[in-house]
Amino acid sequence: MWEVGTSMRLLRSGAPHPVHGPWAAQVGPRLAAAGLDRGRLAELVPPRGFVPDFLNPAPDGPAPTLAEELARIRAVPAAAVRRDLDRVAREQGRLGPRSRALYADPPGRLVRLAEEIEEYWELALAPYWARIRAVLDADVFHRSRQVAEQGTARLFNDLHASLSWSGNALRLALRQRSLSRRTAGTGLVLIPSAFTGPVPLTRVALPEPPQLAYPARGTGGLWAPRPAVGTAALAAVLGRSRARLLAELDAPASTTELAARTGLSPAGVSQYLTALRDAGLVSAHRAGRSVLYARTAVGESLLTAGAP
């Protein structure tokens with residue numbers, strides 16, 4: 001959910017982004033066509049300022065699924081929803097019509113909000129998740145080794161320029177309000193994020209442990225063009241057309257787009273993609289009336305292994 005909220009905020013800002021520009025150019029038109037750029041989630045995630053805490057439930061483990069987090073959102077108590085919306089109203093001057101409906105009927109409207117979040121996920125993040133997840137997992141691996149080999153102080157002092165650890169205290173230079181162990185709850189959940197930036201974000205909602213989302217290492221190269229890879233060896237196993245389609249999916253694309261780029265017939269592309277999906281090499285994601293296909297982590301690894 002941290003990636004849902006921060007990616008929506010980036011899109012709502014409308015400003016060019018030095019890293020996520022290629023992603024925004026692909027996703028923005030899809031969201032507009034689906035009306036999600038002016039939906040329930042968009043109202044709750046302003047271009048700047050407070051985002052309701054109930055949109056970022058405390059994770060139950062290191063890699064919660066979207067379904068698990070949406071179940072937590074649907075179960076948020078009405079009082080907690082209204083408390084967050086009161087703060088949104090104070091900061092933004094008013095609530096939008098969909099947020100007012102949520103305020104009046106939290107249990108019923110949270111169900112609809114969860115459905116819209118799932119639709120946003122399918123359009124904006126799911127087709128790219130293998131690539132995003134690889135960056136996040138690499139960051140977690142690096143930080144875990146850092147703690148084991150060099151200690152907690154080195155971890156915090158290396159997370160971001162605005163963070164520092166000294167004298168048994170963690171200081172966030174850009175946070176407006178101070179926190180103490182007594183008012184922040186126990187523990188601290190660190191969340192690497194591809195879309196959080198340029199400064200870390202915090203969530204404090206007792207009795208849950210505070211959360212700190214920070215820009216993940218490697219995000220700068222997330223959308224950089226991948227080096228061209230040879231598909232000759234892969235074609236001997238998959239067939240030339242399937243290998244070509246797997247290579248073409250550097251960015252998610254529909255059957256029609258792939259047919260136009262490769263010269264294959266739409267029916268042939270559909271047949272080949274079905275075979276690749278059944279083999280776990282690509283995934284399919286509904287985008288309005290069309291379906292977007294994307295390489296899975298397995299497909300990425302196979303294509304990389306086939307490089308000369």
# chains A, B, ... in the order shown; residues from 1 in each chain; ligands from 1
>>> select_by_dssp(residues="region 113-188 of chain A", states="helix (DSSP H, G or I)", output="JSON, numbers by chain")
{"A": [113, 114, 115, 116, 117, 118, 119, 120, 121, 122, 123, 124, 125, 126, 127, 128, 129, 130, 131, 132, 133, 134, 135, 136, 137, 138, 139, 140, 141, 142, 143, 144, 145, 146, 147, 148, 149, 150, 152, 153, 154, 155, 156, 157, 158, 159, 181, 182, 183, 184]}
>>> closest_atom_pairs(of="region 204-300 of chain A", to="region 132-154 of chain A", cutoff="9 Å", atoms="only C-alpha atoms", output="CSV")
residue,atom,partner,partner_atom,distance
A:Ala216,CA,A:Asp139,CA,6.0
A:Arg217,CA,A:Asp139,CA,5.7
A:Gly218,CA,A:Val135,CA,6.1
A:Thr219,CA,A:Val135,CA,6.7
A:Leu222,CA,A:Ile132,CA,7.2
A:Ala297,CA,A:Ala134,CA,8.0
>>> residues_around(residues="Arg261 (chain A)", least_positions_apart="4", cutoff="10 Å", atoms="only C-alpha atoms", output="list in words")
Leu245, Glu248, Thr255, Thr256 and Glu257 of chain A
>>> closest_atom_pairs(of="region 151-262 of chain A", to="region 276-287 of chain A", cutoff="10 Å", atoms="only C-alpha atoms", output="tab-separated table")
residue	atom	partner	partner_atom	distance
A:Leu238	CA	A:Leu276	CA	8.8
A:Arg242	CA	A:Leu276	CA	7.2
A:Ala243	CA	A:Leu276	CA	9.3
A:Leu245	CA	A:Leu276	CA	9.2
A:Leu246	CA	A:Val282	CA	7.7
A:Leu249	CA	A:Val282	CA	8.7
A:Pro252	CA	A:Ala284	CA	9.2
A:Ala253	CA	A:Ala284	CA	9.7
A:Ser254	CA	A:Ala287	CA	9.1
>>> write_last_selection(atoms="all heavy atoms", output="short mmCIF file (atom, residue, chain, number, x, y, z; two decimals), in the first residue's frame")
data_model
loop_
_atom_site.label_atom_id
_atom_site.label_comp_id
_atom_site.auth_asym_id
_atom_site.auth_seq_id
_atom_site.Cartn_x
_atom_site.Cartn_y
_atom_site.Cartn_z
N LEU A 238 12.05 -22.14 -26.72
CA LEU A 238 10.69 -21.61 -26.71
C LEU A 238 10.06 -21.49 -28.10
O LEU A 238 8.84 -21.44 -28.22
CB LEU A 238 10.67 -20.21 -26.06
CG LEU A 238 11.11 -20.10 -24.61
CD1 LEU A 238 11.06 -18.65 -24.16
CD2 LEU A 238 10.25 -20.96 -23.71
N ARG A 242 7.84 -16.95 -29.68
CA ARG A 242 7.67 -16.79 -28.22
C ARG A 242 8.86 -16.05 -27.62
O ARG A 242 8.70 -15.19 -26.75
CB ARG A 242 7.48 -18.15 -27.56
CG ARG A 242 6.19 -18.86 -27.97
CD ARG A 242 6.04 -20.16 -27.18
NE ARG A 242 4.87 -20.91 -27.59
CZ ARG A 242 4.87 -21.83 -28.55
NH1 ARG A 242 6.00 -22.10 -29.20
NH2 ARG A 242 3.76 -22.48 -28.86
N ALA A 243 10.06 -16.40 -28.05
CA ALA A 243 11.25 -15.71 -27.53
C ALA A 243 11.23 -14.24 -27.91
O ALA A 243 11.60 -13.37 -27.11
CB ALA A 243 12.51 -16.38 -28.08
N LEU A 245 8.55 -12.35 -28.44
CA LEU A 245 7.55 -11.66 -27.62
C LEU A 245 8.06 -11.44 -26.20
O LEU A 245 7.83 -10.38 -25.60
CB LEU A 245 6.25 -12.46 -27.60
CG LEU A 245 5.46 -12.48 -28.91
CD1 LEU A 245 4.31 -13.46 -28.82
CD2 LEU A 245 4.94 -11.09 -29.26
N LEU A 246 8.74 -12.42 -25.64
CA LEU A 246 9.28 -12.26 -24.29
C LEU A 246 10.28 -11.11 -24.25
O LEU A 246 10.29 -10.30 -23.30
CB LEU A 246 9.95 -13.56 -23.85
CG LEU A 246 10.31 -13.67 -22.36
CD1 LEU A 246 9.07 -13.62 -21.49
CD2 LEU A 246 11.09 -14.97 -22.10
N LEU A 249 8.66 -7.55 -24.25
CA LEU A 249 7.92 -7.11 -23.07
C LEU A 249 8.83 -6.42 -22.06
O LEU A 249 8.70 -6.64 -20.85
CB LEU A 249 7.20 -8.29 -22.43
CG LEU A 249 5.96 -8.77 -23.17
CD1 LEU A 249 5.41 -10.04 -22.53
CD2 LEU A 249 4.90 -7.68 -23.19
N PRO A 252 5.17 -3.41 -20.19
CA PRO A 252 3.91 -4.12 -20.43
C PRO A 252 3.23 -3.64 -21.70
O PRO A 252 3.27 -2.45 -22.04
CB PRO A 252 3.09 -3.77 -19.19
CG PRO A 252 4.10 -3.48 -18.13
CD PRO A 252 5.23 -2.82 -18.84
N ALA A 253 2.61 -4.55 -22.41
CA ALA A 253 1.98 -4.21 -23.69
C ALA A 253 0.78 -5.13 -23.93
O ALA A 253 0.69 -6.22 -23.36
CB ALA A 253 2.98 -4.33 -24.83
N SER A 254 -0.12 -4.67 -24.79
CA SER A 254 -1.29 -5.46 -25.15
C SER A 254 -0.99 -6.32 -26.37
O SER A 254 0.03 -6.15 -27.05
CB SER A 254 -2.47 -4.54 -25.46
OG SER A 254 -2.19 -3.78 -26.64
#
>>> atom_distance(atom1="CA of Leu36 (chain A)", atom2="CA of Leu190 (chain A)")
29.0 Å
>>> closest_residue(among="A:Pro77, A:Glu300, A:Arg90, A:Leu188", to="Asp105 (chain A)", atoms="only C-alpha atoms")
A:Pro77
>>> residues_around(residues="Pro198 (chain A)", least_positions_apart="6", cutoff="12 Å", atoms="only C-alpha atoms", output="NGL selection string")
:A and (6 or 10 or 17-19 or 160-162 or 174 or 213-216 or 219-220)
>>> write_last_selection(atoms="all heavy atoms", output="CSV table (one decimal), in the first residue's frame")
chain,number,residue,atom,x,y,z
A,6,THR,N,2.1,6.3,-2.7
A,6,THR,CA,3.1,7.2,-3.2
A,6,THR,C,3.1,7.3,-4.8
A,6,THR,O,3.4,8.3,-5.3
A,6,THR,CB,4.5,6.8,-2.7
A,6,THR,OG1,4.7,5.4,-3.0
A,6,THR,CG2,4.6,7.0,-1.2
A,10,LEU,N,2.5,10.7,-7.0
A,10,LEU,CA,3.3,11.2,-8.1
A,10,LEU,C,2.5,11.5,-9.3
A,10,LEU,O,2.7,12.5,-10.0
A,10,LEU,CB,4.4,10.1,-8.4
A,10,LEU,CG,5.4,10.4,-9.4
A,10,LEU,CD1,6.7,9.6,-9.1
A,10,LEU,CD2,5.0,10.0,-10.8
A,17,HIS,N,8.9,13.8,-13.7
A,17,HIS,CA,9.7,13.1,-12.7
A,17,HIS,C,11.0,12.6,-13.4
A,17,HIS,O,10.9,11.9,-14.4
A,17,HIS,CB,9.0,12.0,-12.0
A,17,HIS,CG,9.6,11.6,-10.8
A,17,HIS,ND1,10.7,10.7,-10.7
A,17,HIS,CD2,9.3,11.9,-9.5
A,17,HIS,CE1,11.0,10.5,-9.5
A,17,HIS,NE2,10.2,11.2,-8.7
A,18,PRO,N,12.2,12.9,-12.8
A,18,PRO,CA,13.4,12.4,-13.4
A,18,PRO,C,13.6,10.9,-13.5
A,18,PRO,O,14.3,10.4,-14.4
A,18,PRO,CB,14.5,13.1,-12.5
A,18,PRO,CG,13.8,13.3,-11.2
A,18,PRO,CD,12.4,13.6,-11.5
A,19,VAL,N,12.9,10.2,-12.7
A,19,VAL,CA,13.1,8.7,-12.6
A,19,VAL,C,11.8,8.0,-13.2
A,19,VAL,O,11.9,7.2,-14.1
A,19,VAL,CB,13.3,8.2,-11.2
A,19,VAL,CG1,13.3,6.7,-11.2
A,19,VAL,CG2,14.7,8.7,-10.7
A,160,HIS,N,19.2,7.7,4.5
A,160,HIS,CA,18.9,9.0,3.8
A,160,HIS,C,19.6,10.1,4.5
A,160,HIS,O,19.9,10.1,5.7
A,160,HIS,CB,17.3,9.2,3.8
A,160,HIS,CG,16.9,10.3,2.9
A,160,HIS,ND1,16.8,11.6,3.3
A,160,HIS,CD2,16.5,10.3,1.6
A,160,HIS,CE1,16.3,12.3,2.3
A,160,HIS,NE2,16.1,11.5,1.3
A,161,ALA,N,19.9,11.2,3.7
A,161,ALA,CA,20.6,12.3,4.3
A,161,ALA,C,19.9,13.0,5.4
A,161,ALA,O,20.5,13.7,6.3
A,161,ALA,CB,20.9,13.3,3.2
A,162,SER,N,18.5,12.9,5.4
A,162,SER,CA,17.7,13.6,6.5
A,162,SER,C,17.7,12.8,7.8
A,162,SER,O,17.1,13.2,8.7
A,162,SER,CB,16.3,13.9,6.0
A,162,SER,OG,15.6,12.7,5.7
A,174,LEU,N,13.6,16.5,8.8
A,174,LEU,CA,12.5,17.2,8.1
A,174,LEU,C,11.2,16.9,8.7
A,174,LEU,O,10.2,17.4,8.1
A,174,LEU,CB,12.5,16.9,6.6
A,174,LEU,CG,13.8,17.2,5.8
A,174,LEU,CD1,13.8,16.8,4.4
A,174,LEU,CD2,14.1,18.7,5.9
A,213,ALA,N,9.0,4.9,5.7
A,213,ALA,CA,9.2,4.5,4.3
A,213,ALA,C,10.3,5.4,3.7
A,213,ALA,O,10.2,6.6,3.8
A,213,ALA,CB,7.9,4.7,3.5
A,214,TYR,N,11.3,4.8,3.1
A,214,TYR,CA,12.4,5.5,2.6
A,214,TYR,C,12.7,5.1,1.1
A,214,TYR,O,12.3,4.0,0.7
A,214,TYR,CB,13.7,5.3,3.4
A,214,TYR,CG,14.1,3.8,3.4
A,214,TYR,CD1,15.0,3.3,2.5
A,214,TYR,CD2,13.5,2.9,4.4
A,214,TYR,CE1,15.4,2.0,2.5
A,214,TYR,CE2,13.9,1.6,4.3
A,214,TYR,CZ,14.8,1.1,3.4
A,214,TYR,OH,15.2,-0.2,3.4
A,215,PRO,N,13.3,6.0,0.3
A,215,PRO,CA,13.7,5.6,-1.0
A,215,PRO,C,14.6,4.5,-1.1
A,215,PRO,O,15.7,4.5,-0.5
A,215,PRO,CB,14.3,6.9,-1.6
A,215,PRO,CG,13.9,8.0,-0.7
A,215,PRO,CD,13.7,7.4,0.7
A,216,ALA,N,14.2,3.4,-1.9
A,216,ALA,CA,15.0,2.2,-2.0
A,216,ALA,C,16.2,2.5,-2.9
A,216,ALA,O,16.2,3.2,-3.8
A,216,ALA,CB,14.2,1.1,-2.5
A,219,THR,N,16.5,2.6,-7.2
A,219,THR,CA,15.3,3.1,-7.8
A,219,THR,C,15.6,4.0,-9.1
A,219,THR,O,14.9,4.0,-10.0
A,219,THR,CB,14.5,4.0,-6.8
A,219,THR,OG1,14.1,3.1,-5.7
A,219,THR,CG2,13.2,4.5,-7.5
A,220,GLY,N,16.8,4.6,-9.0
A,220,GLY,CA,17.2,5.5,-10.1
A,220,GLY,C,17.3,4.8,-11.5
A,220,GLY,O,17.1,5.4,-12.5
>>> residues_around(residues="Gly21 (chain A)", least_positions_apart="2", cutoff="12 Å", atoms="only C-alpha atoms", output="list in words")
Ser7, Leu10, Leu11, Gly14, Ala15, Pro16, His17, Pro18, Val19, Trp23, Ala24, Ala25, Gln26, Val27, Gly28, Phe195, Gly220, Gly221, Leu222, Trp223 and Ala224 of chain A
>>> write_last_selection(atoms="N, CA and C atoms", output="short mmCIF file (atom, residue, chain, number, x, y, z; two decimals), in the first residue's frame")
data_model
loop_
_atom_site.label_atom_id
_atom_site.label_comp_id
_atom_site.auth_asym_id
_atom_site.auth_seq_id
_atom_site.Cartn_x
_atom_site.Cartn_y
_atom_site.Cartn_z
N SER A 7 2.76 6.20 -5.44
CA SER A 7 2.69 6.26 -6.91
C SER A 7 1.50 7.09 -7.36
N LEU A 10 2.46 10.73 -7.01
CA LEU A 10 3.33 11.17 -8.10
C LEU A 10 2.50 11.48 -9.34
N LEU A 11 1.54 10.63 -9.67
CA LEU A 11 0.71 10.86 -10.85
C LEU A 11 -0.16 12.10 -10.67
N GLY A 14 1.34 15.71 -11.39
CA GLY A 14 1.41 16.18 -12.77
C GLY A 14 2.75 16.72 -13.18
N ALA A 15 3.71 16.72 -12.28
CA ALA A 15 5.03 17.28 -12.58
C ALA A 15 5.92 16.23 -13.22
N PRO A 16 6.77 16.61 -14.15
CA PRO A 16 7.71 15.64 -14.73
C PRO A 16 8.61 15.06 -13.64
N HIS A 17 8.91 13.78 -13.74
CA HIS A 17 9.74 13.14 -12.72
C HIS A 17 11.00 12.59 -13.38
N PRO A 18 12.16 12.86 -12.79
CA PRO A 18 13.41 12.44 -13.44
C PRO A 18 13.60 10.93 -13.51
N VAL A 19 12.92 10.19 -12.65
CA VAL A 19 13.07 8.74 -12.64
C VAL A 19 11.84 8.04 -13.21
N TRP A 23 7.34 5.46 -16.67
CA TRP A 23 6.20 4.75 -16.06
C TRP A 23 4.95 5.63 -16.09
N ALA A 24 5.08 6.90 -15.69
CA ALA A 24 3.93 7.81 -15.66
C ALA A 24 3.34 8.01 -17.04
N ALA A 25 4.20 8.07 -18.06
CA ALA A 25 3.70 8.26 -19.42
C ALA A 25 2.86 7.08 -19.88
N GLN A 26 3.20 5.90 -19.43
CA GLN A 26 2.42 4.71 -19.79
C GLN A 26 1.15 4.60 -18.96
N VAL A 27 1.25 4.87 -17.67
CA VAL A 27 0.15 4.61 -16.75
C VAL A 27 -0.89 5.72 -16.75
N GLY A 28 -0.44 6.98 -16.87
CA GLY A 28 -1.37 8.10 -16.78
C GLY A 28 -2.57 7.99 -17.70
N PHE A 195 8.62 4.54 -4.92
CA PHE A 195 7.98 5.80 -5.28
C PHE A 195 8.07 6.85 -4.18
N GLY A 220 16.80 4.62 -9.02
CA GLY A 220 17.19 5.49 -10.14
C GLY A 220 17.28 4.76 -11.46
N GLY A 221 17.57 3.47 -11.43
CA GLY A 221 17.69 2.72 -12.68
C GLY A 221 16.48 1.85 -12.97
N LEU A 222 15.39 2.08 -12.26
CA LEU A 222 14.23 1.20 -12.36
C LEU A 222 13.68 1.09 -13.77
N TRP A 223 13.58 2.25 -14.46
CA TRP A 223 12.97 2.26 -15.79
C TRP A 223 13.99 2.44 -16.90
N ALA A 224 15.26 2.34 -16.57
CA ALA A 224 16.28 2.48 -17.60
C ALA A 224 16.13 1.36 -18.63
#
>>> residues_around(residues="Pro47 (chain A)", least_positions_apart="2", cutoff="12 Å", atoms="only C-alpha atoms", output="JSON, numbers by chain")
{"A": [5, 6, 7, 8, 9, 10, 11, 12, 13, 14, 15, 37, 41, 42, 43, 44, 45, 49, 50, 51, 92]}
>>> closest_residue(among="A:Pro266, A:Pro210, A:Tyr272, A:Arg38", to="Arg240 (chain A)", atoms="only C-alpha atoms")
A:Tyr272
